[in-house]
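*Asks:* Handing you a structure now.
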Amino acid sequence: VAPPTVVASVTAPAIRLNLPQTYAGPVAIEIRWEDGASESAQILTEDLKPVATAKLRGQSFRRFEVTIPFPGKLGYHEMRVTAGTSNSRVRLILCPNKAFSPSRLTEGGRAGGVFVSLYGLRSRRNWGCGDFTDLKRFAEWVAGDLNASFIGLNPLHALANRQPYNTSPYLPLCSFFKNLIYLDIEAIEDFRNSASAKRAVSHPDFQACIEKLREAEFVEYEKVQRVKLRVLRALFRQFLNEYRSGSARANEFKQYMNSEGDLLDRFAIFCALDENLHRANPDVWLFRDWPAAYHDPESPETREFARVHWRSVLFYKYVQWQIEIQLADAQAYARSLGMPIGLYHDLALATDRFGADLWSHPRFYIDGCRVGAPPDDFSPAGQDWSFPPPSALEHYKDGYRLFSESIRQNVRHGGALRIDHVMRFFHLFWIPDALEAKDGIYVRDRHEDLIRILALESVRNEVIIVGEDLGTVADEIRETLAKFGILSYRLFYFERWGDGTFKLPQDYPKNALASISTHDLPTLAGFWLNRDIEARRAAGIFKTEAEFEEQVADRMREKQRILDVLFRAGGLLPDHHPRNAADIPELNGELHNAIVGFLARTPSALMLVAEEDLMKQMDQQNLPGTTEQYPNWRHKTRFTVEELREQTLPREFTRMYRGWLERTNRQPA
């Protein structure tokens with residue numbers, strides 16, 4: 001009678017009814033709204049005009065498009081549609097027509113921010129990688145010294161934290177929950193209340209261990225996780241006594257677990273199984289190598305494991321609870337400092353095919369295919385990203401519950417969300433397992449349903465949405481995103497005309513976030529010194545020396561084009577500055593200032609500069625096409641968070657960036 005899921009505008013909600021040609025009776029509609037209220041009505045088919053007809057197994061049917069006879073309410077509702085003896089249960093999702101946009105941006109204002117890879121934040125007190133307390137100290141510098149509006153972050157998704165293959169924040173173990181390495185262990189209430197934990201951490205051997213991790217050139221994921229888990233387990237054992245006593249904190253924990261429901265339960269069981277089976281057999285690394293009975297999260301054996309090992313399952317829920325507390329505190333603190341947006345989060349496209357998401361929710365992924373990209377000038381053989389595509393049909397039949405959660409979990413405790421590869425909502429490039437990447441094909445998704453739900457979660461959580469739309473993007477995709485108020489994502493390196501010349505600031509769109517680079521591209525300083533090209537040669541990516549030399553020659557042409565557009569823009573470089581890129585051996589202060597100023601002068605609503613570009617660091621976070629050949633996702637910041645707030649070192653980049661934010665009206669009102 002009706003589809004299993006209807007996603008519609010709250011201002012004009014309608015539903016399609018499919019009725020036998022011979023049926024002439026009334027259609028009853030009952031709605032139970034999200035808030036618990038109910039309404040019902042009857043629709044007379046004799047008053048309706050069919051919009052389509054069809055035959056199925058010898059029987060004729062008519063389709064009607066019916067406006068729901070009640071004022072719409074935003075949210076997720078349940079509806080029953082009855083026609084004679086036939087009935088359908090429908091998940092009705094009513095959405096706003098646009099994503100959230102704060103009044104300042106709606107009225108033509110602009111904002112500026114700084115991006116930082118949280119794992120790379122250095123401080124004098126962390127345990128070898130950036131944590132949520134470091135983020136608060138970094139926010140003090142961004143809000144106080146720069147007077148900027150937000151901090152961009154890498155995806156914080158849970159990872160296996162195994163080097164070098166399982167450290168990419170864009171290939172998570174789980175896209176719903178977070179990485180425990182970001183916890184500040186000493187800020188956990190159970191640590192503050194534990195004399196024994198404080199003694200253990202203050203022991204010279206323990207201090208020497210974390211000092212070594214702190215001073216390491218790169219983030220040591222496995223060692224950081226190991227040392228944090230060691231103390232977390234001790235804190236959890238202490239908390240168990242409080243949990244059994246039914247204290248106020250125990251009730252808060254129970255409320256958190258109830259609110260997360262089955263999503264958290266399956267993730268925690270996966271983590272407990274992974275830990276237990278790997279401990280029993282160190283050669284078992286992937287869930288597909290587990291005993292077959294444990295491949296199913298609902299099998300009797302899995303349920304029995306969870307019952308017997310309830311403490312281990314509860315421990316992983318406790319860890320996520322602590323992350324929730326500290327991340328919420330970081331966002332609240334950033335807002336209290338005067339940043340109107342606060343934290344800008346990132347939702348990864350992929351999920352590890354051997355991770356918790358695939359184990360927990362297998363029917364929502366297509367088996368026998370992987371996602372990639374078609375051949376182009378950069379990848380003549382196509383790209384194979386080696387993760388499975390989502391099943392659009394299963395998400396639709398289930399009322400998009402899992403998709404809604406993926407957005408909700410990642411907009412929480414932030415003021416903006418970047419959607420990695422936003423074209424996923426429209427189509428993905430599928431590669432059947434038996435074929436090569438070049439032989440794949442685009443498969444469409446129900447994009448309007450997905451974007452409407454994205455807008456719903458955006459409005460409910462008051463979060464700006466940015467869609468990463470880099471590469472070849474059809475005009476209709478960008479038009480649809482703009483229609484729903486989703487900001488485009490524009491990079492200085494890529495914004496060019498057909499002849500390769502760079503666009504001027506005024507050519508950038510208003511409804512966009514403008515930035516210089518991304519984690520996969522060279523930093524400004526590295527670009528000027530060919531650092532990325534040298535890194536690719538060192539990694540053995542070039543087959544011949546001629547390829548390397550060709551890239552160096554191309555880079556010189558690119559640098560000249562950048563120099564040309566900076567002079568064409570006017571007022572960015574002094575007249576005495578060299579006009580020939582060959583005469584500029586490295587990124588000098590005037591050139592650095594001009595590129596940042598160029599970006600600030602665009603009309604784009606948001607501007608984001610990575611701390612690597614701001615502080616003239618040489619190395620990018622990720623070198624595509626490499627694993628062990630390059631320290632991907634491990635680079636640390638040039639300065640500690642304490643140094644940023646101190647005035648003992650020169651801070652030309654601080655004065656420069658703040659000056660541009662002031663001159664281009666990108667500071668908080």
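How things are named: the first chain in the structure tokens is A, the next is B, and so on; residues count from 1 in each chain; ligands count from 1 in the order shown.
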Would you pick out the contacts of stretch 331-339 of chain A at 10 Å or less, using only C-alpha atoms, so that residues sharing its chain but fewer than 2 positions from it are not included, and give the list as an MDAnalysis selection string?

*Replies:* chainID A and resid 111 113 132 135:144 147:151 326:329 341:344 412:415 667:669

*Asks:* Can you list, as an MDAnalysis selection string, all residues belonging to stretch 94-250 of chain A that DSSP tags as helix (DSSP H, G or I)?

*Replies:* chainID A and resid 103:106 118:120 132:144 180:182 185:187 189:192 195:202 204:215 221:245 248:250

*Asks:* Using only C-alpha atoms, find the one residue out of A:Pro96, A:Gly108, A:Gly471, A:Pro578 that sits nearest to A:Met423.

*Replies:*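 Smallest separation from A:Met423 among the options: A:Gly471.
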
*Asks:* Between atom CA of A:Ala610 and atom CA of A:Asp376, what distance in Å does the model show, to one decimal?

*Replies:*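 The value is 27.7 Å.
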
*Asks:* Set the distance at 10 Å and use only C-alpha atoms: which residues neighbour A:Pro362 once local chain neighbours fewer than 2 positions away are removed? I'd like the list as number ranges by chain.

*Replies:* A: 295-297, 353, 356-360, 364-367, 390-391

*Asks:* Using only C-alpha atoms, pick whichever of A:Ala280, A:Leu232, A:Val641, A:Ile465 has the shortest atom-to-atom distance to A:Ser194.

*Replies:*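 Looking only at the distances to A:Ser194, the closest residue turns out to be A:Leu232.
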
*Asks:* Mind listing the strand (DSSP E or B) residues of stretch 336-405 of chain A, per DSSP on the backbone, as a list in words?

*Replies:* Gly342, Leu343, Tyr344, His345, Asp346, Leu347, Tyr365, Cys369, Arg370, Val371, Gly372, Ala373, Gln383, Asp384 and Pro390 of chain A

*Asks:* Calculated over only C-alpha atoms, which of the candidates A:Phe484, A:Trp33, A:Trp321, A:Phe239 has the smallest distance to A:Ala268?

*Replies:*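 Distance minimum relative to A:Ala268 lands on A:Trp321.
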
*Asks:* Stretch 196-211 of chain A: which residues within 10 Å, counting only C-alpha atoms, same-chain residues fewer than 3 positions away excluded, as a list in words?

*Replies:* Arg124, Arg125, Asn126, Trp127, Gly128, Cys129, Glu186, Asp190, Phe191, Arg192, Asn193, Arg214, Glu215, Ala216, Lys223, Val224, Val227, Lys228, Val231, Leu232, Ala234, Leu235 and Gln238 of chain A

*Asks:* Report as a PDB file with all heavy atoms, in the first residue's frame all protein, DNA and RNA residues lying within 10 Å of A:Pro375, evaluated on only C-alpha atoms, omitting residues in the same chain fewer than 4 positions from it.

*Replies:*
```pdb
ATOM      1  N   SER A 379      45.206   9.050 -12.334  1.00  0.00           N
ATOM      2  CA  SER A 379      45.239   7.599 -12.118  1.00  0.00           C
ATOM      3  C   SER A 379      44.703   6.904 -13.371  1.00  0.00           C
ATOM      4  O   SER A 379      43.508   6.560 -13.439  1.00  0.00           O
ATOM      5  CB  SER A 379      44.390   7.223 -10.897  1.00  0.00           C
ATOM      6  OG  SER A 379      44.820   7.906  -9.744  1.00  0.00           O
ATOM      7  N   PRO A 380      45.546   6.701 -14.365  1.00  0.00           N
ATOM      8  CA  PRO A 380      45.081   6.132 -15.642  1.00  0.00           C
ATOM      9  C   PRO A 380      44.435   4.757 -15.502  1.00  0.00           C
ATOM     10  O   PRO A 380      43.606   4.386 -16.333  1.00  0.00           O
ATOM     11  CB  PRO A 380      46.373   6.051 -16.470  1.00  0.00           C
ATOM     12  CG  PRO A 380      47.287   7.075 -15.859  1.00  0.00           C
ATOM     13  CD  PRO A 380      46.967   7.081 -14.399  1.00  0.00           C
ATOM     14  N   ALA A 381      44.797   4.010 -14.473  1.00  0.00           N
ATOM     15  CA  ALA A 381      44.213   2.678 -14.275  1.00  0.00           C
ATOM     16  C   ALA A 381      43.021   2.712 -13.328  1.00  0.00           C
ATOM     17  O   ALA A 381      42.465   1.664 -12.979  1.00  0.00           O
ATOM     18  CB  ALA A 381      45.271   1.722 -13.738  1.00  0.00           C
ATOM     19  N   GLY A 382      42.601   3.899 -12.903  1.00  0.00           N
ATOM     20  CA  GLY A 382      41.530   4.006 -11.918  1.00  0.00           C
ATOM     21  C   GLY A 382      42.071   3.867 -10.510  1.00  0.00           C
ATOM     22  O   GLY A 382      43.264   3.610 -10.297  1.00  0.00           O
ATOM     23  N   GLN A 383      41.201   4.053  -9.528  1.00  0.00           N
ATOM     24  CA  GLN A 383      41.600   3.945  -8.124  1.00  0.00           C
ATOM     25  C   GLN A 383      40.741   2.895  -7.426  1.00  0.00           C
ATOM     26  O   GLN A 383      39.530   2.853  -7.619  1.00  0.00           O
ATOM     27  CB  GLN A 383      41.429   5.285  -7.408  1.00  0.00           C
ATOM     28  CG  GLN A 383      42.300   6.401  -7.950  1.00  0.00           C
ATOM     29  CD  GLN A 383      42.063   7.702  -7.214  1.00  0.00           C
ATOM     30  OE1 GLN A 383      42.092   7.756  -5.988  1.00  0.00           O
ATOM     31  NE2 GLN A 383      41.824   8.767  -7.962  1.00  0.00           N
ATOM     32  N   ALA A 437      40.007  -1.814 -11.278  1.00  0.00           N
ATOM     33  CA  ALA A 437      39.354  -0.527 -11.009  1.00  0.00           C
ATOM     34  C   ALA A 437      38.820   0.122 -12.285  1.00  0.00           C
ATOM     35  O   ALA A 437      37.736   0.713 -12.279  1.00  0.00           O
ATOM     36  CB  ALA A 437      40.326   0.407 -10.304  1.00  0.00           C
ATOM     37  N   LYS A 438      39.556  -0.011 -13.384  1.00  0.00           N
ATOM     38  CA  LYS A 438      39.142   0.647 -14.625  1.00  0.00           C
ATOM     39  C   LYS A 438      37.845   0.072 -15.180  1.00  0.00           C
ATOM     40  O   LYS A 438      37.187   0.679 -16.039  1.00  0.00           O
ATOM     41  CB  LYS A 438      40.249   0.532 -15.675  1.00  0.00           C
ATOM     42  CG  LYS A 438      40.573  -0.888 -16.113  1.00  0.00           C
ATOM     43  CD  LYS A 438      41.717  -0.908 -17.119  1.00  0.00           C
ATOM     44  CE  LYS A 438      42.093  -2.332 -17.501  1.00  0.00           C
ATOM     45  NZ  LYS A 438      41.008  -3.055 -18.173  1.00  0.00           N
ATOM     46  N   ASP A 439      37.438  -1.108 -14.692  1.00  0.00           N
ATOM     47  CA  ASP A 439      36.248  -1.775 -15.207  1.00  0.00           C
ATOM     48  C   ASP A 439      35.014  -1.566 -14.327  1.00  0.00           C
ATOM     49  O   ASP A 439      33.982  -2.214 -14.534  1.00  0.00           O
ATOM     50  CB  ASP A 439      36.507  -3.284 -15.347  1.00  0.00           C
ATOM     51  CG  ASP A 439      37.655  -3.569 -16.295  1.00  0.00           C
ATOM     52  OD1 ASP A 439      37.680  -2.943 -17.368  1.00  0.00           O
ATOM     53  OD2 ASP A 439      38.522  -4.395 -15.954  1.00  0.00           O
ATOM     54  N   GLY A 440      35.105  -0.663 -13.348  1.00  0.00           N
ATOM     55  CA  GLY A 440      33.970  -0.406 -12.473  1.00  0.00           C
ATOM     56  C   GLY A 440      32.909   0.455 -13.119  1.00  0.00           C
ATOM     57  O   GLY A 440      33.000   0.817 -14.302  1.00  0.00           O
TER      58      GLY A 440
END
```

*Asks:* Atom CA of A:His635 to atom CA of A:Leu229: how many Å, to one decimal?

*Replies:*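 Computing it gives 22.4 Å between the two atoms.
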
*Asks:* State, in Å with one decimal place, the distance from atom CA of A:Ser101 to atom CA of A:Ala455.

*Replies:*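 Atom-to-atom, atom CA of A:Ser101 and atom CA of A:Ala455 are spaced 10.4 Å apart.
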
*Asks:* If you count only C-alpha atoms, which residues fall within 10 Å of A:Phe354, apart from same-chain ones fewer than 3 positions away, as a list in words?

*Replies:*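 Here the answer would be Pro172, Leu173, Trp285, Leu286, Phe287, Arg288, Asp289, Thr351, Asp357, Leu358, Trp359 and Phe387 of chain A.
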
*Asks:* Near A:Asp420, counting only C-alpha atoms, which residues have an atom at most 10 Å away, once you skip same-chain residues fewer than 3 positions from it, shown as a list in words?

*Replies:* Pro155, Tyr170, Asp346, Leu347, Ala348, Leu349, Ala350, Leu417, Met423, Arg424, Val466, Gly467, Glu468, Asp469 and Leu470 of chain A
